[in-house]
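Undergrad: Please find model.cif (mmCIF, C-alpha atoms) on the next line:
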```cif
data_query
#
loop_
_atom_site.label_atom_id
_atom_site.label_comp_id
_atom_site.auth_asym_id
_atom_site.auth_seq_id
_atom_site.Cartn_x
_atom_site.Cartn_y
_atom_site.Cartn_z
CA MET X 1 18.07 6.16 -26.99
CA VAL X 2 18.83 6.92 -23.33
CA HIS X 3 16.32 9.28 -21.71
CA LEU X 4 17.54 10.65 -18.37
CA ALA X 5 16.09 14.18 -18.54
CA ALA X 6 13.57 15.13 -15.84
CA GLN X 7 12.59 17.60 -13.18
CA ALA X 8 14.03 15.65 -10.26
CA GLY X 9 13.67 15.94 -6.51
CA VAL X 10 10.96 14.84 -4.13
CA ARG X 11 10.37 17.92 -1.96
CA TYR X 12 10.44 20.55 -4.73
CA ALA X 13 7.47 18.85 -6.39
CA ALA X 14 5.19 20.00 -3.58
CA GLU X 15 6.07 23.62 -4.37
CA ASN X 16 6.03 23.45 -8.17
CA PRO X 17 3.75 20.60 -9.30
CA HIS X 18 3.07 21.97 -12.78
CA ILE X 19 6.79 21.96 -13.61
CA TYR X 20 6.96 18.24 -12.84
CA VAL X 21 4.02 17.35 -15.05
CA SER X 22 5.32 19.55 -17.88
CA SER X 23 8.85 18.16 -17.76
CA ASN X 24 8.37 14.55 -16.71
CA VAL X 25 5.06 13.65 -18.30
CA THR X 26 4.81 15.90 -21.36
CA GLY X 27 8.57 15.77 -21.88
CA THR X 28 8.56 11.98 -21.88
CA LEU X 29 5.63 11.99 -24.30
CA HIS X 30 7.81 13.94 -26.76
CA ILE X 31 10.56 11.34 -26.33
CA LEU X 32 8.14 8.49 -27.00
CA GLU X 33 6.78 10.24 -30.07
CA GLY X 34 10.31 10.76 -31.31
CA CYS X 35 11.02 7.06 -30.86
CA ARG X 36 7.85 6.17 -32.75
CA HIS X 37 8.75 8.30 -35.76
CA HIS X 38 12.42 7.36 -35.95
CA ASP X 39 12.36 3.56 -35.49
CA VAL X 40 14.38 3.57 -32.28
CA GLU X 41 15.70 0.09 -31.53
CA HIS X 42 15.66 0.45 -27.75
CA LEU X 43 14.55 3.19 -25.36
CA VAL X 44 16.16 3.12 -21.91
CA PHE X 45 14.62 5.66 -19.56
CA ALA X 46 15.14 6.71 -15.95
CA SER X 47 12.48 5.83 -13.42
CA THR X 48 12.99 5.96 -9.66
CA SER X 49 12.83 3.92 -6.48
CA SER X 50 10.34 6.52 -5.26
CA VAL X 51 7.60 4.69 -7.20
CA TYR X 52 7.59 2.02 -4.47
CA GLY X 53 5.92 4.63 -2.28
CA ALA X 54 3.93 3.16 0.59
CA ASN X 55 5.29 -0.33 -0.02
CA THR X 56 7.30 -1.53 2.99
CA GLU X 57 8.24 -5.01 1.78
CA MET X 58 12.03 -5.16 1.55
CA PRO X 59 13.97 -5.47 -0.61
CA PHE X 60 12.01 -3.55 -3.23
CA SER X 61 11.43 -5.81 -6.22
CA GLU X 62 10.32 -4.88 -9.71
CA HIS X 63 7.68 -7.58 -9.30
CA HIS X 64 6.02 -5.62 -6.49
CA HIS X 65 3.02 -3.48 -7.35
CA THR X 66 3.60 0.28 -7.17
CA GLU X 67 0.14 1.78 -7.03
CA HIS X 68 0.64 4.04 -4.00
CA PRO X 69 3.20 6.80 -4.75
CA LEU X 70 3.73 9.23 -1.89
CA THR X 71 4.88 12.24 -3.94
CA LEU X 72 3.95 13.88 -7.21
CA TYR X 73 7.49 13.25 -8.44
CA ALA X 74 6.98 9.51 -7.94
CA ALA X 75 3.57 9.70 -9.62
CA THR X 76 5.07 11.34 -12.72
CA LYS X 77 7.74 8.63 -12.92
CA LYS X 78 5.10 5.93 -12.54
CA ALA X 79 3.22 7.62 -15.37
CA ASN X 80 6.40 7.43 -17.48
CA GLU X 81 6.55 3.67 -16.96
CA GLN X 82 2.92 3.22 -17.99
CA MET X 83 3.27 5.52 -21.00
CA ALA X 84 6.34 3.58 -22.15
CA HIS X 85 4.43 0.31 -21.87
CA SER X 86 1.60 1.66 -24.01
CA TYR X 87 4.01 2.81 -26.72
CA ALA X 88 5.90 -0.48 -26.56
CA HIS X 89 2.60 -2.27 -27.15
CA LEU X 90 1.15 0.04 -29.79
CA TYR X 91 4.32 0.68 -31.83
CA ASN X 92 6.60 -2.24 -30.91
CA ILE X 93 9.23 0.04 -29.35
CA PRO X 94 11.46 -1.97 -26.98
CA CYS X 95 11.47 -0.06 -23.69
CA THR X 96 13.45 -0.53 -20.47
CA GLY X 97 12.73 1.54 -17.38
CA LEU X 98 15.53 1.68 -14.80
CA ARG X 99 14.52 2.51 -11.24
CA PHE X 100 17.45 4.47 -9.82
CA PHE X 101 18.20 4.27 -6.09
CA THR X 102 19.72 7.48 -4.60
CA VAL X 103 22.44 8.22 -7.14
CA TYR X 104 25.49 10.19 -5.93
CA GLY X 105 28.99 11.08 -7.08
CA PRO X 106 31.00 13.74 -8.96
CA TRP X 107 28.97 16.24 -10.99
CA GLY X 108 25.92 15.38 -8.92
CA ARG X 109 22.96 17.67 -8.40
CA PRO X 110 23.71 20.51 -5.94
CA ASP X 111 20.37 19.97 -4.18
CA MET X 112 21.24 16.40 -3.16
CA ALA X 113 22.30 15.57 0.39
CA LEU X 114 25.96 14.77 -0.31
CA PHE X 115 26.51 18.07 -2.12
CA LEU X 116 24.64 20.09 0.52
CA PHE X 117 26.41 18.33 3.39
CA THR X 118 29.87 18.84 1.89
CA LYS X 119 29.31 22.52 1.20
CA ALA X 120 27.91 23.16 4.68
CA ILE X 121 30.56 21.20 6.57
CA LEU X 122 33.41 22.98 4.80
CA ALA X 123 31.72 26.32 5.54
CA GLY X 124 31.25 25.44 9.20
CA GLU X 125 27.47 25.55 8.85
CA PRO X 126 24.98 23.02 10.27
CA ILE X 127 23.54 20.27 8.10
CA LYS X 128 19.88 19.25 8.20
CA VAL X 129 19.57 15.58 9.16
CA PHE X 130 16.01 14.43 8.52
CA ASN X 131 14.39 11.54 10.37
CA HIS X 132 17.12 12.05 12.99
CA GLY X 133 19.57 10.26 10.72
CA LYS X 134 17.69 6.96 10.78
CA HIS X 135 17.04 6.91 7.04
CA LYS X 136 18.43 3.93 5.17
CA ARG X 137 19.13 4.22 1.47
CA SER X 138 20.58 2.09 -1.31
CA PHE X 139 23.15 4.75 -2.22
CA THR X 140 24.35 4.09 -5.78
CA TYR X 141 27.55 5.55 -7.20
CA ILE X 142 27.31 7.26 -10.58
CA ASP X 143 29.86 5.00 -12.31
CA ASP X 144 27.74 1.97 -11.39
CA ILE X 145 24.70 3.65 -12.90
CA VAL X 146 26.54 4.37 -16.15
CA GLU X 147 27.81 0.80 -16.33
CA GLY X 148 24.30 -0.57 -15.84
CA ILE X 149 22.83 1.71 -18.51
CA THR X 150 25.57 0.78 -20.97
CA ARG X 151 25.03 -2.92 -20.46
CA ILE X 152 21.25 -2.93 -20.64
CA LEU X 153 21.20 -0.65 -23.68
CA GLU X 154 22.64 -3.52 -25.72
CA ARG X 155 19.91 -5.88 -24.54
CA PRO X 156 16.44 -4.69 -25.61
CA PRO X 157 13.51 -6.71 -24.28
CA THR X 158 11.45 -8.87 -26.60
CA LEU X 159 7.94 -10.23 -26.40
CA ASP X 160 9.16 -13.73 -25.53
CA ASP X 161 11.76 -12.53 -23.00
CA GLU X 162 11.63 -14.59 -19.79
CA SER X 163 14.96 -13.62 -18.24
CA THR X 164 13.63 -11.17 -15.67
CA LYS X 165 10.54 -13.13 -14.70
CA THR X 166 10.19 -15.33 -11.64
CA PRO X 167 8.10 -18.52 -11.42
CA LYS X 168 5.63 -16.75 -9.14
CA TYR X 169 4.45 -14.56 -12.01
CA GLN X 170 4.63 -16.94 -14.92
CA ASN X 171 1.57 -18.59 -16.45
CA THR X 172 -0.93 -16.64 -14.37
CA LYS X 173 -3.77 -14.29 -15.19
CA GLN X 174 -2.13 -11.52 -13.16
CA PRO X 175 0.37 -9.57 -15.33
CA ASP X 176 3.88 -9.20 -13.98
CA PRO X 177 4.57 -5.52 -13.15
CA ALA X 178 8.20 -5.93 -14.24
CA THR X 179 7.58 -7.30 -17.72
CA SER X 180 4.78 -7.68 -20.26
CA GLY X 181 3.09 -10.42 -22.19
CA VAL X 182 1.92 -8.01 -24.88
CA ALA X 183 4.87 -5.63 -25.38
CA PRO X 184 8.70 -5.60 -25.56
CA TYR X 185 9.00 -3.94 -22.17
CA GLN X 186 10.81 -4.39 -18.85
CA ILE X 187 11.38 -2.59 -15.56
CA LEU X 188 14.65 -3.10 -13.67
CA ASN X 189 16.07 -1.80 -10.40
CA ILE X 190 19.56 -0.34 -10.35
CA GLY X 191 20.88 0.23 -6.86
CA ASN X 192 23.09 -1.24 -4.17
CA GLU X 193 21.58 -4.21 -2.38
CA GLN X 194 23.17 -3.14 0.90
CA SER X 195 21.34 -0.14 2.35
CA VAL X 196 23.36 2.34 4.40
CA GLU X 197 22.01 4.40 7.29
CA LEU X 198 22.19 8.14 6.79
CA MET X 199 24.31 8.62 9.91
CA ARG X 200 26.91 6.19 8.53
CA TYR X 201 26.85 8.11 5.24
CA ILE X 202 27.58 11.32 7.16
CA GLU X 203 30.35 9.67 9.20
CA VAL X 204 32.13 8.59 6.01
CA LEU X 205 31.82 12.12 4.63
CA GLU X 206 33.26 13.58 7.85
CA ASP X 207 36.22 11.21 7.61
CA CYS X 208 36.86 12.18 3.99
CA LEU X 209 36.64 15.89 4.76
CA GLY X 210 38.64 15.60 7.97
CA LYS X 211 36.02 17.69 9.72
CA LYS X 212 33.00 16.97 11.90
CA ALA X 213 29.56 18.21 10.95
CA GLU X 214 27.32 20.34 13.09
CA LYS X 215 23.99 18.54 12.87
CA GLU X 216 20.43 19.83 13.07
CA PHE X 217 18.20 16.80 13.62
CA LEU X 218 14.73 17.07 12.09
CA PRO X 219 11.69 14.77 11.73
CA LEU X 220 10.75 12.71 8.68
CA GLN X 221 9.62 14.97 5.87
CA PRO X 222 6.28 14.55 4.04
CA GLY X 223 6.68 12.11 1.17
CA ASP X 224 9.94 10.65 2.47
CA VAL X 225 10.17 6.96 3.28
CA PRO X 226 12.30 5.64 6.16
CA ALA X 227 14.16 3.08 4.05
CA THR X 228 14.89 1.82 0.56
CA GLU X 229 16.59 -1.44 -0.33
CA ALA X 230 17.03 -2.66 -3.89
CA SER X 231 16.56 -6.18 -5.15
CA MET X 232 19.04 -6.57 -7.99
CA GLN X 233 17.97 -9.98 -9.26
CA GLY X 234 16.44 -8.55 -12.42
CA LEU X 235 19.60 -6.74 -13.56
CA LYS X 236 21.71 -9.74 -12.60
CA ASN X 237 19.54 -12.01 -14.73
CA ALA X 238 19.46 -9.57 -17.64
CA VAL X 239 23.14 -8.61 -17.98
CA ASP X 240 25.00 -10.43 -15.18
CA TYR X 241 25.66 -7.19 -13.35
CA GLN X 242 25.10 -5.29 -10.15
CA PRO X 243 26.49 -2.05 -8.66
CA LYS X 244 29.60 -2.58 -6.53
CA VAL X 245 31.15 0.73 -5.39
CA PRO X 246 30.85 1.06 -1.57
CA VAL X 247 30.02 4.42 -0.02
CA GLU X 248 33.53 4.68 1.46
CA GLU X 249 35.01 4.72 -2.03
CA GLY X 250 32.22 6.68 -3.69
CA ILE X 251 32.16 9.50 -1.13
CA LYS X 252 35.96 9.85 -1.24
CA ASN X 253 35.77 10.17 -5.03
CA PHE X 254 33.12 12.86 -4.67
CA VAL X 255 35.12 14.80 -2.06
CA ASP X 256 38.25 14.65 -4.23
CA TRP X 257 36.24 15.98 -7.18
CA TYR X 258 34.58 18.68 -5.07
CA ARG X 259 37.89 19.93 -3.68
CA ASP X 260 39.42 20.04 -7.16
CA TYR X 261 36.44 21.60 -8.92
CA TYR X 262 35.84 24.32 -6.32
CA GLY X 263 39.49 24.78 -5.36
CA VAL X 264 38.93 23.72 -1.76
CA TYR X 265 42.36 22.39 -0.70
CA PRO X 266 44.21 20.48 0.54
CA LYS X 267 42.80 17.33 -1.09
CA LEU X 268 43.07 14.30 1.17
CA ALA X 269 45.52 11.56 0.22
#
```
Can you give me the file's structure in the form of structure tokens?

TA:
Amino acid sequence: MVHLAAQAGVRYAAENPHIYVSSNVTGTLHILEGCRHHDVEHLVFASTSSVYGANTEMPFSEHHHTEHPLTLYAATKKANEQMAHSYAHLYNIPCTGLRFFTVYGPWGRPDMALFLFTKAILAGEPIKVFNHGKHKRSFTYIDDIVEGITRILERPPTLDDESTKTPKYQNTKQPDPATSGVAPYQILNIGNEQSVELMRYIEVLEDCLGKKAEKEFLPLQPGDVPATEASMQGLKNAVDYQPKVPVEEGIKNFVDWYRDYYGVYPKLA
């Protein structure tokens, strides 16, 4: 089973906290109960890089502790990870949590930056550039996400699985946050190892659209972090894989899709 449903978005959680708990926490509980009653062989569920919260050690590793979320959205996703571990332990349900890093691409959410930027630039309207464009993100193209999910789905964790562990966490009294000694459970990052600054992201979009953006520079928003950078060693070890689509290719694919879907022509060659 692949569980990707959620109330997503960091900023909206501050306005509608009950929706996030209802969808992300209670909703995931229903999924876990369904797995328990139907002998699911492997549950792969979406977590988020937002769980790293106040951690500033880069790159973010699954072996880092994530006890300081900065948003309710991140807290609900952290709760999902802990709930999955408990069900893996109690009912022997193999569970894999994938921490997504800033997914983008065709058919993406209309509240995400790339979608909002594209719509505004084509309309000649200003775009809101938070943190004065100094954000850095491990932007991850949707096809890379799908490939990672497909690969890991065929590889459920087991109690004796050592592939994602590092020597630092083996044979100690401190449990490894990425795996478990008492349950078939694992947490894996899925994101590009090379972070890209937001201003570079916007420059690529401008090139693909053939039009410059009018920018409104704003400060860092509450709950936002200045940078994310994914360690991909866990996914490499597990399925010999890592995301590979650069933003130049991914953004062009999105712009081509956007122009075709909304009839905004001409499409760039």

Undergrad: Name all residues at most 8 Å from X:Ala227 (count all atoms listed in the file; drop same-chain ones fewer than 5 positions away) and give them as JSON, numbers by chain.

TA: {"X": [135, 136, 137]}

Undergrad: Run through the PyMOL selection byres ((chain X and resi 254) around 9) on the given coordinates and return the selected residues as a list in words.

TA: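 Output from the PyMOL selection byres ((chain X and resi 254) around 9), applied to this file: Tyr104, Gly105, Pro106, Trp107, Gly108, Leu114, Phe115, Glu249, Gly250, Ile251, Lys252, Asn253, Val255, Asp256, Trp257, Tyr258 and Arg259 of chain X.
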
Undergrad: As an exercise, work out the distance from atom CA of X:Leu70 to atom CA of X:Gly181 in Å and give it to one decimal place.

TA: 28.3 Å

Undergrad: At most 12 Å from (24.9, 21.8, 2.3), file frame, all atoms listed in the file: which residues, as a ChimeraX atom specification?

TA: /X:109-129,202,213-216

Undergrad: Using the selection just defined, write its residues with C-alpha atoms as a PDB file, in the frame of the given file.

TA:
```pdb
ATOM      1  CA  ARG X 109      22.960  17.670  -8.400  1.00  0.00           C
ATOM      2  CA  PRO X 110      23.710  20.510  -5.940  1.00  0.00           C
ATOM      3  CA  ASP X 111      20.370  19.970  -4.180  1.00  0.00           C
ATOM      4  CA  MET X 112      21.240  16.400  -3.160  1.00  0.00           C
ATOM      5  CA  ALA X 113      22.300  15.570   0.390  1.00  0.00           C
ATOM      6  CA  LEU X 114      25.960  14.770  -0.310  1.00  0.00           C
ATOM      7  CA  PHE X 115      26.510  18.070  -2.120  1.00  0.00           C
ATOM      8  CA  LEU X 116      24.640  20.090   0.520  1.00  0.00           C
ATOM      9  CA  PHE X 117      26.410  18.330   3.390  1.00  0.00           C
ATOM     10  CA  THR X 118      29.870  18.840   1.890  1.00  0.00           C
ATOM     11  CA  LYS X 119      29.310  22.520   1.200  1.00  0.00           C
ATOM     12  CA  ALA X 120      27.910  23.160   4.680  1.00  0.00           C
ATOM     13  CA  ILE X 121      30.560  21.200   6.570  1.00  0.00           C
ATOM     14  CA  LEU X 122      33.410  22.980   4.800  1.00  0.00           C
ATOM     15  CA  ALA X 123      31.720  26.320   5.540  1.00  0.00           C
ATOM     16  CA  GLY X 124      31.250  25.440   9.200  1.00  0.00           C
ATOM     17  CA  GLU X 125      27.470  25.550   8.850  1.00  0.00           C
ATOM     18  CA  PRO X 126      24.980  23.020  10.270  1.00  0.00           C
ATOM     19  CA  ILE X 127      23.540  20.270   8.100  1.00  0.00           C
ATOM     20  CA  LYS X 128      19.880  19.250   8.200  1.00  0.00           C
ATOM     21  CA  VAL X 129      19.570  15.580   9.160  1.00  0.00           C
ATOM     22  CA  ILE X 202      27.580  11.320   7.160  1.00  0.00           C
ATOM     23  CA  ALA X 213      29.560  18.210  10.950  1.00  0.00           C
ATOM     24  CA  GLU X 214      27.320  20.340  13.090  1.00  0.00           C
ATOM     25  CA  LYS X 215      23.990  18.540  12.870  1.00  0.00           C
ATOM     26  CA  GLU X 216      20.430  19.830  13.070  1.00  0.00           C
TER      27      GLU X 216
END
```

Undergrad: Find the residue from X:Ala178, X:Leu43, X:Cys35, X:Val225 that sits nearest to X:Ala74; use all atoms listed in the file when measuring.

TA: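 Comparing X:Ala178, X:Leu43, X:Cys35, X:Val225 against X:Ala74, the winner is X:Val225.
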
Undergrad: Hey, which of X:Met232, X:Val245, X:Arg200, X:Asp260 ends up closest to X:Met58? Count all atoms listed in the file.

TA: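 So, comparing all the options, the nearest one is X:Met232.
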
Undergrad: Looking at X:Gln221, X:Thr28, X:Ser49, X:Asn92, which one is nearest to X:Thr140, with distances taken over only C-alpha atoms?

TA: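 Nearest candidate to X:Thr140 out of X:Gln221, X:Thr28, X:Ser49, X:Asn92: X:Ser49.
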
Undergrad: Of the candidates X:Ala230, X:Met199, X:Val146, X:Val182, which one gets nearest to X:Phe130 if we count only C-alpha atoms?

TA: X:Met199

Undergrad: Identify the residues within 10 Å of coordinate (9.8, 0.2, -4.3) (same frame as the file), considering all atoms listed in the file, and give the answer as a PyMOL selection string.

TA: chain X and resi 48-66+68-69+99+101+189+227-231

Undergrad: Using the chain letters and numbers from this file, what does the PyMOL selection byres ((chain X and resi 4) around 8) select? Give the answer as a ChimeraX atom specification.

TA: /X:2-3,5-6,45-46

Undergrad: Just to confirm, what's the straight-line distance from atom CA of X:Ser180 to atom CA of X:His85 in Å (one decimal)?

TA: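 Rounded to one decimal, the two atoms are 8.2 Å apart.
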
Undergrad: Find, counting only C-alpha atoms, the residue in X:Thr158, X:Thr76, X:Gln242, X:Thr71 that gets nearest to X:Ser22.

TA: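 Closest to X:Ser22 of all the choices is X:Thr76.
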
Undergrad: Suppose a student applies the PyMOL selection byres ((chain X and resi 187) around 9) to this structure; what residues should they get, written as a ChimeraX atom specification?

TA: /X:47,62-63,81,95-99,164,177-179,185-186,188-189,234

Undergrad: When you count all atoms listed in the file, which of these residues is closest to X:Ser86: X:Glu67, X:Asp39, X:Glu33, X:Glu248?

TA: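 Of X:Glu67, X:Asp39, X:Glu33, X:Glu248, the one nearest X:Ser86 is X:Glu33, counting all atoms listed in the file.
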
Undergrad: To one decimal place in Å, what is the distance between atom CA of X:Gln7 and atom CA of X:Tyr73?

TA: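 Taking atom CA of X:Gln7 as the start and atom CA of X:Tyr73 as the end point, the length is 8.2 Å.
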